[in-house]
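Okay, coords.pdb now, which holds PDB, C-alpha atoms:
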ATOM      1  CA  MET A 954       0.000   0.000   0.000
ATOM      2  CA  SER A 955       1.135   3.528  -0.741
ATOM      3  CA  GLN A 956       0.784   6.496   1.569
ATOM      4  CA  ARG A 957      -2.099   7.521  -0.662
ATOM      5  CA  ASP A 958      -3.949   4.301   0.209
ATOM      6  CA  PHE A 959      -3.782   5.232   3.890
ATOM      7  CA  GLU A 960      -5.542   8.482   3.179
ATOM      8  CA  SER A 961      -8.364   6.656   1.400
ATOM      9  CA  PRO A 962     -11.951   6.673   2.690
ATOM     10  CA  TYR A 963     -11.741   2.918   3.279
ATOM     11  CA  ILE A 964      -8.759   3.134   5.633
ATOM     12  CA  LYS A 965     -10.385   6.033   7.460
ATOM     13  CA  ALA A 966     -13.545   3.928   7.778
ATOM     14  CA  ILE A 967     -11.859   0.845   9.257
ATOM     15  CA  LEU A 968      -9.854   2.997  11.651
ATOM     16  CA  LYS A 969     -13.149   4.217  13.101
ATOM     17  CA  ASP A 970     -15.400   1.157  12.768
ATOM     18  CA  ARG A 971     -15.934  -0.831  15.969
ATOM     19  CA  SER A 972     -18.854  -3.004  14.907
ATOM     20  CA  LEU A 973     -16.588  -5.893  15.817
ATOM     21  CA  PRO A 974     -15.107  -5.289  19.272
ATOM     22  CA  ILE A 975     -11.398  -4.588  19.090
ATOM     23  CA  ALA A 976      -8.989  -2.407  21.045
ATOM     24  CA  ASP A 977      -8.069   0.923  19.469
ATOM     25  CA  ILE A 978      -4.376   0.230  19.990
ATOM     26  CA  ALA A 979      -4.602  -3.084  18.103
ATOM     27  CA  VAL A 980      -6.287  -1.393  15.132
ATOM     28  CA  GLY A 981      -3.734   1.414  15.120
ATOM     29  CA  MET A 982      -0.779  -0.968  15.271
ATOM     30  CA  TRP A 983      -2.202  -3.213  12.530
ATOM     31  CA  VAL A 984      -2.952  -0.385  10.097
ATOM     32  CA  LYS A 985       0.476   1.162  10.717
ATOM     33  CA  ASP A 986       2.105  -2.231  10.117
ATOM     34  CA  LEU A 987       0.275  -2.486   6.790
ATOM     35  CA  LYS A 988       2.505   0.312   5.537
ATOM     36  CA  GLY A 989       5.446  -2.114   5.449
ATOM     37  CA  PRO A 990       7.259  -1.625   2.109
ATOM     38  CA  LEU A 991       7.554  -5.370   1.440
ATOM     39  CA  ARG A 992       3.817  -6.187   1.490
ATOM     40  CA  LEU A 993       2.961  -4.828  -1.930
ATOM     41  CA  VAL A 994       5.429  -6.657  -4.197
ATOM     42  CA  VAL A 995       7.813  -8.873  -2.223
ATOM     43  CA  MET A 996       5.355 -10.668   0.075
ATOM     44  CA  PRO A 997       3.020 -12.037  -2.673
ATOM     45  CA  VAL A 998       6.011 -13.477  -4.560
ATOM     46  CA  LEU A 999       7.472 -14.990  -1.390
ATOM     47  CA  ARG A1000       4.086 -16.478  -0.491
ATOM     48  CA  VAL A1001       3.861 -18.365  -3.795
ATOM     49  CA  MET A1002       7.462 -19.585  -3.653
ATOM     50  CA  LEU A1003       7.557 -20.514   0.016
ATOM     51  CA  SER A1004       4.111 -22.136   0.008
ATOM     52  CA  GLY A1005       5.457 -24.682  -2.453
ATOM     53  CA  LEU A1006       8.552 -25.235  -0.305
ATOM     54  CA  LEU A1007       6.368 -25.574   2.801
ATOM     55  CA  ILE A1008       4.278 -28.313   1.185
ATOM     56  CA  LEU A1009       7.478 -30.139   0.186
ATOM     57  CA  ILE A1010       8.920 -29.960   3.726
ATOM     58  CA  TRP A1011       5.564 -30.992   5.204
ATOM     59  CA  THR A1012       5.351 -34.009   2.883
ATOM     60  CA  ILE A1013       8.912 -35.125   3.677
ATOM     61  CA  LYS A1014       8.409 -34.657   7.428
ATOM     62  CA  ARG A1015       5.248 -36.782   7.381
ATOM     63  CA  ALA A1016       6.853 -39.526   5.305
ATOM     64  CA  CYS A1017      10.087 -39.672   7.290
ATOM     65  CA  PRO A1018      10.132 -42.468   9.925
ATOM     66  CA  ILE A1019      12.653 -40.525  12.052
ATOM     67  CA  GLN A1020      11.215 -37.346  13.537
ATOM     68  CA  PHE A1021      13.190 -34.512  15.088
ATOM     69  CA  SER A1022      12.410 -31.158  16.636
ATOM     70  CA  SER A1023      14.364 -28.301  18.153
ATOM     71  CA  HIS A1024      12.084 -26.037  20.163
ATOM     72  CA  ASN A1025      14.892 -24.091  21.795
ATOM     73  CA  ASN A1026      16.670 -23.265  18.544
ATOM     74  CA  LEU A1027      13.348 -22.395  16.905
ATOM     75  CA  GLN A1028      12.524 -19.926  19.655
ATOM     76  CA  LYS A1029      16.023 -18.405  19.619
ATOM     77  CA  LEU A1030      15.722 -17.837  15.882
ATOM     78  CA  ILE A1031      12.245 -16.293  16.237
ATOM     79  CA  CYS A1032      13.348 -13.897  18.982
ATOM     80  CA  TRP A1033      16.499 -12.852  17.110
ATOM     81  CA  PHE A1034      14.534 -12.287  13.902
ATOM     82  CA  CYS A1035      11.781 -10.307  15.649
ATOM     83  CA  GLU A1036      14.203  -8.103  17.586
ATOM     84  CA  ASN A1037      16.253  -7.238  14.506
ATOM     85  CA  PHE A1038      13.994  -7.348  11.450
ATOM     86  CA  VAL A1039      10.262  -7.345  12.306
ATOM     87  CA  THR A1040       8.485  -4.001  12.712
ATOM     88  CA  PRO A1041       7.908  -2.789  16.274
ATOM     89  CA  GLU A1042       4.153  -2.735  15.589
ATOM     90  CA  ALA A1043       4.170  -6.399  14.564
ATOM     91  CA  ASN A1044       6.217  -7.333  17.640
ATOM     92  CA  TYR A1045       3.741  -5.484  19.846
ATOM     93  CA  LEU A1046       0.837  -7.366  18.243
ATOM     94  CA  ILE A1047       2.619 -10.703  18.730
ATOM     95  CA  LEU A1048       3.095  -9.997  22.440
ATOM     96  CA  ARG A1049      -0.520  -8.792  22.720
ATOM     97  CA  HIS A1050      -1.624 -12.094  21.234
ATOM     98  CA  PHE A1051       0.054 -14.063  24.022
ATOM     99  CA  TRP A1052      -1.650 -11.923  26.677
ATOM    100  CA  ALA A1053      -5.037 -11.904  24.970
ATOM    101  CA  GLU A1054      -5.254 -15.647  24.377
ATOM    102  CA  SER A1055      -3.942 -16.464  27.862
ATOM    103  CA  ASN A1056      -6.647 -14.191  29.307
ATOM    104  CA  ILE A1057      -9.349 -15.829  27.188
ATOM    105  CA  ILE A1058      -8.376 -19.343  28.252
ATOM    106  CA  ASN A1059      -7.988 -18.271  31.894
ATOM    107  CA  PHE A1060     -11.487 -16.786  31.744
ATOM    108  CA  LEU A1061     -12.772 -20.175  30.575
ATOM    109  CA  ILE A1062     -10.832 -21.907  33.358
ATOM    110  CA  ASP A1063     -12.131 -19.496  36.003
ATOM    111  CA  ASN A1064     -15.723 -20.013  34.889
ATOM    112  CA  GLU A1065     -15.635 -23.771  34.327
ATOM    113  CA  ASP A1066     -18.931 -25.429  35.279
ATOM    114  CA  PRO A1067     -18.229 -27.363  38.508
ATOM    115  CA  GLN A1068     -21.426 -29.370  38.000
ATOM    116  CA  ALA A1069     -20.282 -30.875  34.711
ATOM    117  CA  PRO A1070     -19.886 -34.646  35.129
ATOM    118  CA  ASP A1071     -16.427 -34.726  33.539
ATOM    119  CA  SER A1072     -15.023 -31.485  34.995
ATOM    120  CA  VAL A1073     -11.633 -31.468  36.699
ATOM    121  CA  ASP A1074     -11.540 -30.164  40.279
ATOM    122  CA  GLU A1075      -8.977 -27.504  39.405
ATOM    123  CA  ILE A1076      -7.313 -26.596  36.123
ATOM    124  CA  ALA A1077      -4.017 -24.755  36.445
ATOM    125  CA  PRO A1078      -4.212 -21.290  34.845
ATOM    126  CA  LEU A1079      -1.957 -20.175  32.012
ATOM    127  CA  GLU A1080       1.154 -18.180  32.849
ATOM    128  CA  LEU A1081       2.178 -17.165  29.332
ATOM    129  CA  TYR A1082       2.397 -13.372  29.613
ATOM    130  CA  PRO A1083       5.669 -12.185  28.018
ATOM    131  CA  ASP A1084       6.128  -8.400  27.995
ATOM    132  CA  THR A1085       9.312  -8.377  25.877
ATOM    133  CA  ILE A1086      10.458 -10.360  22.862
ATOM    134  CA  ALA A1087      13.257 -11.895  24.958
ATOM    135  CA  GLN A1088      10.669 -13.352  27.344
ATOM    136  CA  MET A1089       9.215 -15.356  24.462
ATOM    137  CA  MET A1090      12.114 -17.740  25.035
ATOM    138  CA  GLN A1091      10.209 -18.934  28.120
ATOM    139  CA  ALA A1092       6.672 -18.255  26.867
ATOM    140  CA  SER A1093       7.268 -19.959  23.522
ATOM    141  CA  PHE A1094       4.942 -20.469  20.571
ATOM    142  CA  VAL A1095       5.038 -24.223  21.176
ATOM    143  CA  ASP A1096       3.978 -23.739  24.811
ATOM    144  CA  HIS A1097       1.271 -21.370  23.587
ATOM    145  CA  ASP A1098      -0.242 -24.196  21.514
ATOM    146  CA  GLN A1099       0.230 -26.884  24.130
ATOM    147  CA  GLU A1100      -1.481 -24.845  26.848
ATOM    148  CA  LEU A1101      -4.530 -24.451  24.607
ATOM    149  CA  PHE A1102      -4.675 -28.215  24.086
ATOM    150  CA  ARG A1103      -4.193 -28.805  27.814
ATOM    151  CA  TYR A1104      -7.211 -26.665  28.612
ATOM    152  CA  PHE A1105      -9.448 -28.687  26.299
ATOM    153  CA  LYS A1106      -8.088 -31.990  27.618
ATOM    154  CA  GLU A1107      -8.726 -31.042  31.250
ATOM    155  CA  SER A1108     -11.953 -29.052  30.904
ATOM    156  CA  SER A1109     -15.529 -30.228  30.667
ATOM    157  CA  SER A1110     -16.366 -31.650  27.250
ATOM    158  CA  THR A1111     -19.374 -29.339  26.770
ATOM    159  CA  PRO A1112     -20.216 -25.666  27.432
ATOM    160  CA  VAL A1113     -22.067 -24.513  30.531
ATOM    161  CA  LYS A1114     -25.800 -25.233  30.366
ATOM    162  CA  LYS A1115     -26.948 -21.692  31.197
ATOM    163  CA  PRO A1116     -25.289 -18.271  31.235
ATOM    164  CA  LEU A1117     -23.743 -16.978  34.427
ATOM    165  CA  LYS A1118     -24.947 -13.738  35.958
ATOM    166  CA  LYS A1119     -22.486 -10.890  35.460
ATOM    167  CA  ALA A1120     -21.943 -10.701  39.193
ATOM    168  CA  ASP A1121     -20.982 -14.390  39.221
ATOM    169  CA  LEU A1122     -18.375 -14.167  36.461
ATOM    170  CA  LYS A1123     -14.864 -14.776  37.755
ATOM    171  CA  TRP A1124     -11.758 -12.927  36.618
ATOM    172  CA  ASP A1125      -9.261 -14.391  39.069
ATOM    173  CA  ASN A1126      -6.528 -15.062  36.511
ATOM    174  CA  TRP A1127      -7.226 -12.200  34.107
ATOM    175  CA  ARG A1128      -4.359  -9.728  33.661
ATOM    176  CA  GLU A1129      -4.489  -6.240  32.200
ATOM    177  CA  ILE A1130      -2.220  -6.152  29.156
ATOM    178  CA  ASP A1131       1.071  -4.558  30.148
ATOM    179  CA  ILE A1132       3.751  -4.744  27.464
ATOM    180  CA  ASP A1133       7.155  -3.095  27.762
ATOM    181  CA  GLU A1134       7.010   0.135  25.721
ATOM    182  CA  ASN A1135      10.628  -0.377  24.643
ATOM    183  CA  VAL A1136       9.253  -2.921  22.162
ATOM    184  CA  LEU A1137       8.096   0.063  20.087
ATOM    185  CA  LYS A1138      11.591   1.582  19.925
ATOM    186  CA  GLY A1139      12.606   0.077  16.608
ATOM    187  CA  LYS A1140      15.941  -0.307  14.881
ATOM    188  CA  PRO A1141      16.561   0.873  11.303
ATOM    189  CA  THR A1142      16.596  -2.789  10.201
ATOM    190  CA  GLN A1143      13.112  -3.525  11.578
ATOM    191  CA  ARG A1144      11.164  -3.187   8.321
ATOM    192  CA  ILE A1145       9.449  -6.563   7.860
ATOM    193  CA  ASP A1146       5.702  -6.401   8.479
ATOM    194  CA  PHE A1147       3.634  -9.014  10.321
ATOM    195  CA  GLU A1148       2.294 -10.810   7.248
ATOM    196  CA  THR A1149       5.626 -10.975   5.410
ATOM    197  CA  ALA A1150       7.330 -12.207   8.592
ATOM    198  CA  HIS A1151       4.880 -15.090   8.850
ATOM    199  CA  VAL A1152       5.407 -16.024   5.205
ATOM    200  CA  LEU A1153       9.163 -16.075   5.787
ATOM    201  CA  PHE A1154       8.914 -18.195   8.931
ATOM    202  CA  MET A1155       6.266 -20.776   8.089
ATOM    203  CA  CYS A1156       8.811 -23.178   6.544
ATOM    204  CA  ILE A1157      11.139 -22.777   9.563
ATOM    205  CA  PHE A1158       8.309 -23.730  11.911
ATOM    206  CA  CYS A1159       7.584 -26.852   9.905
ATOM    207  CA  LEU A1160      11.266 -27.828   9.772
ATOM    208  CA  PHE A1161      11.939 -27.370  13.505
ATOM    209  CA  LEU A1162       8.871 -29.308  14.727
ATOM    210  CA  THR A1163       7.921 -32.949  14.372
ATOM    211  CA  ALA A1164       5.164 -33.728  11.891
ATOM    212  CA  ASP A1165       2.661 -34.278  14.721
ATOM    213  CA  GLU A1166       3.637 -31.063  16.504
ATOM    214  CA  TYR A1167       3.296 -29.039  13.328
ATOM    215  CA  ARG A1168      -0.034 -30.610  12.401
ATOM    216  CA  ALA A1169      -1.336 -29.808  15.889
ATOM    217  CA  ALA A1170      -0.088 -26.213  15.660
ATOM    218  CA  ILE A1171      -1.732 -25.420  12.314
ATOM    219  CA  ASN A1172      -5.002 -27.107  13.293
ATOM    220  CA  GLY A1173      -5.166 -25.524  16.749
ATOM    221  CA  PHE A1174      -6.666 -22.436  15.067
ATOM    222  CA  ASN A1175      -9.850 -24.423  14.476
ATOM    223  CA  LEU A1176     -10.492 -24.501  18.215
ATOM    224  CA  ASP A1177     -11.382 -20.806  17.903
ATOM    225  CA  GLN A1178     -14.941 -21.873  17.183
ATOM    226  CA  SER A1179     -15.064 -24.112  20.251
ATOM    227  CA  MET A1180     -13.767 -21.315  22.491
ATOM    228  CA  ALA A1181     -16.329 -18.912  21.045
ATOM    229  CA  ILE A1182     -19.180 -21.355  21.691
ATOM    230  CA  ARG A1183     -18.065 -21.860  25.292
ATOM    231  CA  ILE A1184     -17.661 -18.148  25.981
ATOM    232  CA  GLY A1185     -20.984 -17.385  24.331
ATOM    233  CA  ALA A1186     -22.659 -19.914  26.632
ATOM    234  CA  ILE A1187     -21.023 -18.397  29.725
ATOM    235  CA  ILE A1188     -21.901 -14.756  28.994
ATOM    236  CA  GLY A1189     -25.190 -15.452  27.214
ATOM    237  CA  ASP A1190     -24.148 -13.994  23.842
ATOM    238  CA  SER A1191     -24.141 -16.455  20.954
ATOM    239  CA  SER A1192     -23.134 -13.703  18.502
ATOM    240  CA  VAL A1193     -19.485 -14.133  19.565
ATOM    241  CA  GLU A1194     -19.467 -17.385  17.577
ATOM    242  CA  THR A1195     -19.364 -15.274  14.405
ATOM    243  CA  TYR A1196     -15.910 -13.982  15.386
ATOM    244  CA  ALA A1197     -14.314 -17.340  14.533
ATOM    245  CA  TYR A1198     -13.063 -17.772  10.966
ATOM    246  CA  ASN A1199     -11.264 -21.049  11.769
ATOM    247  CA  LYS A1200     -13.842 -23.734  12.515
ATOM    248  CA  HIS A1201     -14.616 -27.458  12.708
ATOM    249  CA  PRO A1202     -11.662 -28.876  14.709
ATOM    250  CA  LEU A1203     -12.496 -32.443  13.672
ATOM    251  CA  TYR A1204     -11.516 -31.636  10.081
ATOM    252  CA  LEU A1205      -7.710 -31.676   9.936
ATOM    253  CA  LEU A1206      -6.128 -29.248   7.504
ATOM    254  CA  GLY A1207      -2.717 -29.034   5.888
ATOM    255  CA  PRO A1208      -0.554 -25.924   5.455
ATOM    256  CA  ILE A1209      -2.548 -24.471   2.526
ATOM    257  CA  ASP A1210      -3.548 -20.797   3.028
ATOM    258  CA  LEU A1211      -1.784 -20.863   6.383
ATOM    259  CA  THR A1212      -0.928 -17.166   6.640
ATOM    260  CA  ARG A1213      -4.557 -16.133   6.154
ATOM    261  CA  ARG A1214      -5.762 -18.591   8.793
ATOM    262  CA  PHE A1215      -3.030 -17.463  11.186
ATOM    263  CA  ILE A1216      -3.862 -13.768  10.849
ATOM    264  CA  LEU A1217      -7.604 -14.349  11.198
ATOM    265  CA  HIS A1218      -6.889 -16.360  14.348
ATOM    266  CA  GLY A1219      -5.141 -13.238  15.627
ATOM    267  CA  PHE A1220      -8.164 -11.092  14.790
ATOM    268  CA  PHE A1221     -10.472 -13.591  16.513
ATOM    269  CA  THR A1222      -8.369 -13.370  19.669
ATOM    270  CA  GLU A1223      -8.484  -9.575  19.639
ATOM    271  CA  TYR A1224     -12.267  -9.535  19.072
ATOM    272  CA  MET A1225     -12.925 -12.011  21.862
ATOM    273  CA  HIS A1226     -10.568 -10.320  24.302
ATOM    274  CA  GLU A1227     -12.205  -6.927  23.768
ATOM    275  CA  ARG A1228     -15.696  -8.454  24.061
ATOM    276  CA  LEU A1229     -14.753 -10.007  27.395
ATOM    277  CA  LEU A1230     -13.304  -6.682  28.538
ATOM    278  CA  GLN A1231     -16.695  -5.112  27.803
ATOM    279  CA  GLU A1232     -18.280  -7.759  29.994
ATOM    280  CA  LYS A1233     -15.698  -7.208  32.718
ATOM    281  CA  LYS A1234     -16.149  -3.449  32.760
TER
END

Serialized structure, structure tokens:
Amino acid sequence: MSQRDFESPYIKAILKDRSLPIADIAVGMWVKDLKGPLRLVVMPVLRVMLSGLLILIWTIKRACPIQFSSHNNLQKLICWFCENFVTPEANYLILRHFWAESNIINFLIDNEDPQAPDSVDEIAPLELYPDTIAQMMQASFVDHDQELFRYFKESSSTPVKKPLKKADLKWDNWREIDIDENVLKGKPTQRIDFETAHVLFMCIFCLFLTADEYRAAINGFNLDQSMAIRIGAIIGDSSVETYAYNKHPLYLLGPIDLTRRFILHGFFTEYMHERLLQEKK
């Protein structure tokens, strides 16, 4: 997009529109990140080239009888790349995503139906709240996925049967988003926008994870619909189910159109987090 595009009526409209609940800061950061110079020409070419390479790596990983992974090296590479090449706005949105999704899952944990026949007495809350890129070494993307799966394994198999009264909603493990502002102090080399960064890294993710780990990671997005259904049942608002683009977790997908699904998972998380904040306030 050119500077002219950002003065267009459409951009002005989406900067103001809040029909879908979303934090002003998230919208501002996203639109600013869209100005990345690589998105217009470089990213579409990379997406075509690297999508083919991703499918090749994915096929080889699935066919190979010997599986390997290197979570620590993967996370070191991600943190180094983000700190040196990814725009400050994209880094801020990545950190926000950790906080927002941890809050959403902790809200579900806090408001688990104790009367459900298969409920666990106590589910440990998530602790993945990094406020700097360096802290993502401990709060890693792999842990981020695994904690989501842990919640579903330990929680009741079905949503609550009736909405809770607002006064009865629990927010014990909810944290107000508090990200280190130094993340926004960028270096001259930090020019790669969010979408281009994902295109560049999707093959690395596949290479550094086992086939099962990678399949779980790219299909975990589909649990967005399940989370939305559960939250809608708790707060008595079924309209939140429309926030989920990724749906039907029983249908396993491959890496096709992965960047789109990844970004729309990020939007879903922002929508749901802001909707819950409305309920909290």

Assuming the chain letters and numbering stay as they are in my file, what does the PyMOL selection byres ((chain A and resi 1031-1033) around 9) actually select? List them as a ChimeraX atom specification. /A:1026-1030,1034-1038,1086-1090,1154

Any chance you could resolve the PyMOL selection byres ((chain A and resi 1064) around 10) against this file and give the residues as a PyMOL selection string? chain A and resi 1058-1063+1065-1067+1113+1117+1121-1125+1184+1187

So that I can see what lies close to Leu1101 (chain A), please list as a PyMOL selection string the residues with an atom at most 8 Å from it, counting all atoms listed in the file and leaving out residues fewer than 4 positions away in the same chain. chain A and resi 1058+1097+1105+1173

Straight-line distance linking CA of Arg1015 (chain A) with CA of His1151 (chain A), stated in Å to one decimal: 21.7 Å

Name the closest residue to Asp1177 (chain A) among the candidates A:Leu1211, A:Leu1079, A:Met1225, A:Leu1205; distances are taken between atoms, counting all atoms listed in the file.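 Of all the options, A:Met1225 lies closest to Asp1177 (chain A).
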
Would you kindly return, as a PDB file with C-alpha atoms, in the coordinates of the input, each protein, DNA or RNA residue with an atom no farther than 10 Å from any atom of region 1189-1193 of chain A, considering all atoms listed in the file and excluding same-chain residues fewer than 2 positions away?
ATOM      1  CA  LEU A 973     -16.588  -5.893  15.817  1.00  0.00           C
ATOM      2  CA  PRO A 974     -15.107  -5.289  19.272  1.00  0.00           C
ATOM      3  CA  LYS A1115     -26.948 -21.692  31.197  1.00  0.00           C
ATOM      4  CA  PRO A1116     -25.289 -18.271  31.235  1.00  0.00           C
ATOM      5  CA  LEU A1117     -23.743 -16.978  34.427  1.00  0.00           C
ATOM      6  CA  LYS A1118     -24.947 -13.738  35.958  1.00  0.00           C
ATOM      7  CA  LYS A1119     -22.486 -10.890  35.460  1.00  0.00           C
ATOM      8  CA  GLN A1178     -14.941 -21.873  17.183  1.00  0.00           C
ATOM      9  CA  MET A1180     -13.767 -21.315  22.491  1.00  0.00           C
ATOM     10  CA  ALA A1181     -16.329 -18.912  21.045  1.00  0.00           C
ATOM     11  CA  ILE A1182     -19.180 -21.355  21.691  1.00  0.00           C
ATOM     12  CA  ARG A1183     -18.065 -21.860  25.292  1.00  0.00           C
ATOM     13  CA  ILE A1184     -17.661 -18.148  25.981  1.00  0.00           C
ATOM     14  CA  GLY A1185     -20.984 -17.385  24.331  1.00  0.00           C
ATOM     15  CA  ALA A1186     -22.659 -19.914  26.632  1.00  0.00           C
ATOM     16  CA  ILE A1187     -21.023 -18.397  29.725  1.00  0.00           C
ATOM     17  CA  THR A1195     -19.364 -15.274  14.405  1.00  0.00           C
ATOM     18  CA  TYR A1196     -15.910 -13.982  15.386  1.00  0.00           C
ATOM     19  CA  ALA A1197     -14.314 -17.340  14.533  1.00  0.00           C
ATOM     20  CA  PHE A1221     -10.472 -13.591  16.513  1.00  0.00           C
ATOM     21  CA  TYR A1224     -12.267  -9.535  19.072  1.00  0.00           C
ATOM     22  CA  MET A1225     -12.925 -12.011  21.862  1.00  0.00           C
ATOM     23  CA  ARG A1228     -15.696  -8.454  24.061  1.00  0.00           C
TER      24      ARG A1228
END

Using only C-alpha atoms, collect all residues at a distance of at most 8 Å from (8.2, -2.5, 17.4) as written in the file, then present them as a ChimeraX atom specification. /A:1039-1045,1135-1139,1143

Taking (-22.7, -5.9, 31.2) in the file's own coordinates, collect the residues within 10 Å, counting only C-alpha atoms, and hand them back as a ChimeraX atom specification. /A:1118-1120,1188,1229-1234

Could you work out how far CA of Tyr1082 (chain A) lies from CA of His1226 (chain A), giving the answer in Å with one decimal? 14.3 Å

Let me make sure I understand: among A:Ser1179, A:Val995, A:Ala1150, A:Pro962, which one has the smallest atom-to-atom distance to Pro1112 (chain A) if we use all atoms listed in the file? A:Ser1179
